[in-house]
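Note sheet for the following structure.
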Number of protein chains: 2
Amino acid sequence: MQQRNDGVRRSVGRDRLLATARRLFTRHGASNVGINDVTAAAGVARMTLYNNFPSKEALTAAVYEEMACATLQGLREMDASNLSEEERILAIFDHFDRSEHEADYRGCPFIHASLQAADASGPVYAIVHSYKHDLREHIFQVLDETRRNRAEVADQILLLLDGAVTEAYLKGVADPTTAAKHAAATLLRST
Amino acid sequence: MQQRNDGVRRSVGRDRLLATARRLFTRHGASNVGINDVTAAAGVARMTLYNNFPSKEALTAAVYEEMACATLQGLREMDASNLSEEERILAIFDHFDRSEHEADYRGCPFIHASLQAADASGPVYAIVHSYKHDLREHIFQVLDETRRNRAEVADQILLLLDGAVTEAYLKGVADPTTAAKHAAATLLRST
DNA sequence: CGTTTTAGGTAGACCGGTATATCTACTTTA
DNA sequence: TAAAGTAGATATACCGGTCTACCTAAAACG
């Protein structure tokens, strides 16, 4: 055996599958990527997938579960420094803006994933819903607790974030991140 | 022949296919609906589809082309009355909000369609890109021409619209339309 | 220390289902 | 009469998933 199974499920094949699937899924969408594509790109046998995951849907869920966790963790580790409320909010936009400039960007990977499924009954939708909820909660926590309409401003910031990542793909807006940041700053100052 | 071909392509089967495909595509996504589903739901033979469209991709493109045209036309016919700038903008949010409450709502059908394709090279992406561009242009025209930052406010309104329709599906925000309208009103007043 | 055990991985054939698309012969109707 | 539509068999391709036989190397053990 390649690596000791220390309680948590762990193997070289599993990690390579997750990393490869994440890359392919975010680029083309999970439903446009076959298991043969994933296993071939990961340099792994097809049976390795089914030895680590019961189905493609389970692999997909694991991929987005991990992505959601990593994204939220990255956001939480960001604003430990001494920034103002506005600076911390604007930094969130910049954080997402970084990935928007790479080739084959398809907007928010979670929106992408949830819209590829045939309906909202699968596990992926639940993960995405939870992610968006947690993201809104994070924004809420970043906002000053003394603020009036703290809840609604958190909602509005999330709407701007969703719009910015979406238009970064659809290009109906020339510079969505800048527009969204200016909008956010205006909302923060005038609410 | 059912109906005279008066220059423009037109037939009973074609119209029924377009209407049925539009309904099924917006509910489940074009790539999750087979041509057998479309033809069966339209009460039409499969060959009728291929007699009117060269491929499923062409049917899909025709569906979204028509939808984009109808949606923009509906918006243009809306604000002929004597409303203020703010009222006209907020009416756009209400206009999209109407469809958000029906069952199986999947957010903006155009975003939905563009994210289902494997990449942005197909004809559907071009249609969606054009639609978003035209929608932004319409918003721009609705805004007072005397307004400072008229262009950027148009961008920001579109971002809020995209965010609202998206969160109406993902439900990370409880009442996205209300939050978006308040944000839009704030931006209109303070810019 | 050397042997055996065993988990994890490999390669590829294979299955059933479904997708788009084509072909053909027949029917309807302006 | 000729265009438009019908019904269904069919071709072709891919997809998720299973099965088998084999390989490899770390770990368990006498």
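Letters A, B, ... mark the chains of the structure tokens in the order given; residue numbers begin at 1 per chain; ligand numbers begin at 1, in order shown.
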Hey, what's within 9 Å of region 12-29 of chain D if we count only C-alpha atoms (C1' of nucleotides) and toss same-chain stuff fewer than 2 positions away? As a PDB file with C-alpha atoms (C1' of nucleotides), in the first residue's frame, please?
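Full text of out.pdb as output:
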```
ATOM      1  CA  MET A   1       0.000   0.000   0.000  1.00  0.00           C
ATOM      2  CA  GLN A   2       1.301   3.431  -0.981  1.00  0.00           C
ATOM      3  CA  GLN A   3       0.369   5.352   2.113  1.00  0.00           C
ATOM      4  CA  ARG A   4      -0.896   4.483   5.553  1.00  0.00           C
ATOM      5  CA  GLY A  34     -16.277  12.476 -18.284  1.00  0.00           C
ATOM      6  CA  ILE A  35     -14.673  10.166 -15.781  1.00  0.00           C
ATOM      7  CA  TYR A  50     -14.362   3.938  -7.973  1.00  0.00           C
ATOM      8  CA  SER A  55     -19.845   7.509  -8.018  1.00  0.00           C
ATOM      9  CA  LYS A  56     -19.004  10.504 -10.163  1.00  0.00           C
TER      10      LYS A  56
ATOM     11  C1'  DT C   3       8.626 -14.725   3.511  1.00  0.00           C
ATOM     12  C1'  DT C   4       3.856 -14.092   3.229  1.00  0.00           C
ATOM     13  C1'  DT C   5      -0.069 -11.272   3.321  1.00  0.00           C
ATOM     14  C1'  DT C   6      -2.748  -7.699   1.653  1.00  0.00           C
ATOM     15  C1'  DG C   9      -3.218   0.654  -8.077  1.00  0.00           C
ATOM     16  C1'  DT C  10      -3.348  -0.774 -13.263  1.00  0.00           C
ATOM     17  C1'  DA C  11      -5.125  -1.923 -17.883  1.00  0.00           C
ATOM     18  C1'  DA C  13     -12.626  -5.545 -21.945  1.00  0.00           C
ATOM     19  C1'  DC C  14     -17.315  -5.091 -21.291  1.00  0.00           C
ATOM     20  C1'  DC C  15     -22.410  -3.708 -20.276  1.00  0.00           C
ATOM     21  C1'  DG C  17     -28.324   3.306 -21.264  1.00  0.00           C
ATOM     22  C1'  DT C  18     -28.843   7.459 -23.738  1.00  0.00           C
ATOM     23  C1'  DA C  19     -27.596  11.110 -26.890  1.00  0.00           C
ATOM     24  C1'  DT C  20     -27.634  13.262 -31.640  1.00  0.00           C
ATOM     25  C1'  DA C  21     -28.543  12.473 -36.087  1.00  0.00           C
TER      26       DA C  21
END
```
Distance filter 6 Å, only C-alpha atoms, chain B against chain A, as a ChimeraX atom specification
/B:28,32,112,115-116,118,129,132-133,155-156,159-160,162-163,170,172-173,179
Please measure the separation of CA of Glu57 (chain B) and CA of Leu75 (chain B), giving the value in Å to one decimal.
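Atom-to-atom, CA of Glu57 (chain B) and CA of Leu75 (chain B) are spaced 27.0 Å apart.
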CA of His95 (chain A) to CA of Arg23 (chain A) measures 18.6 Å
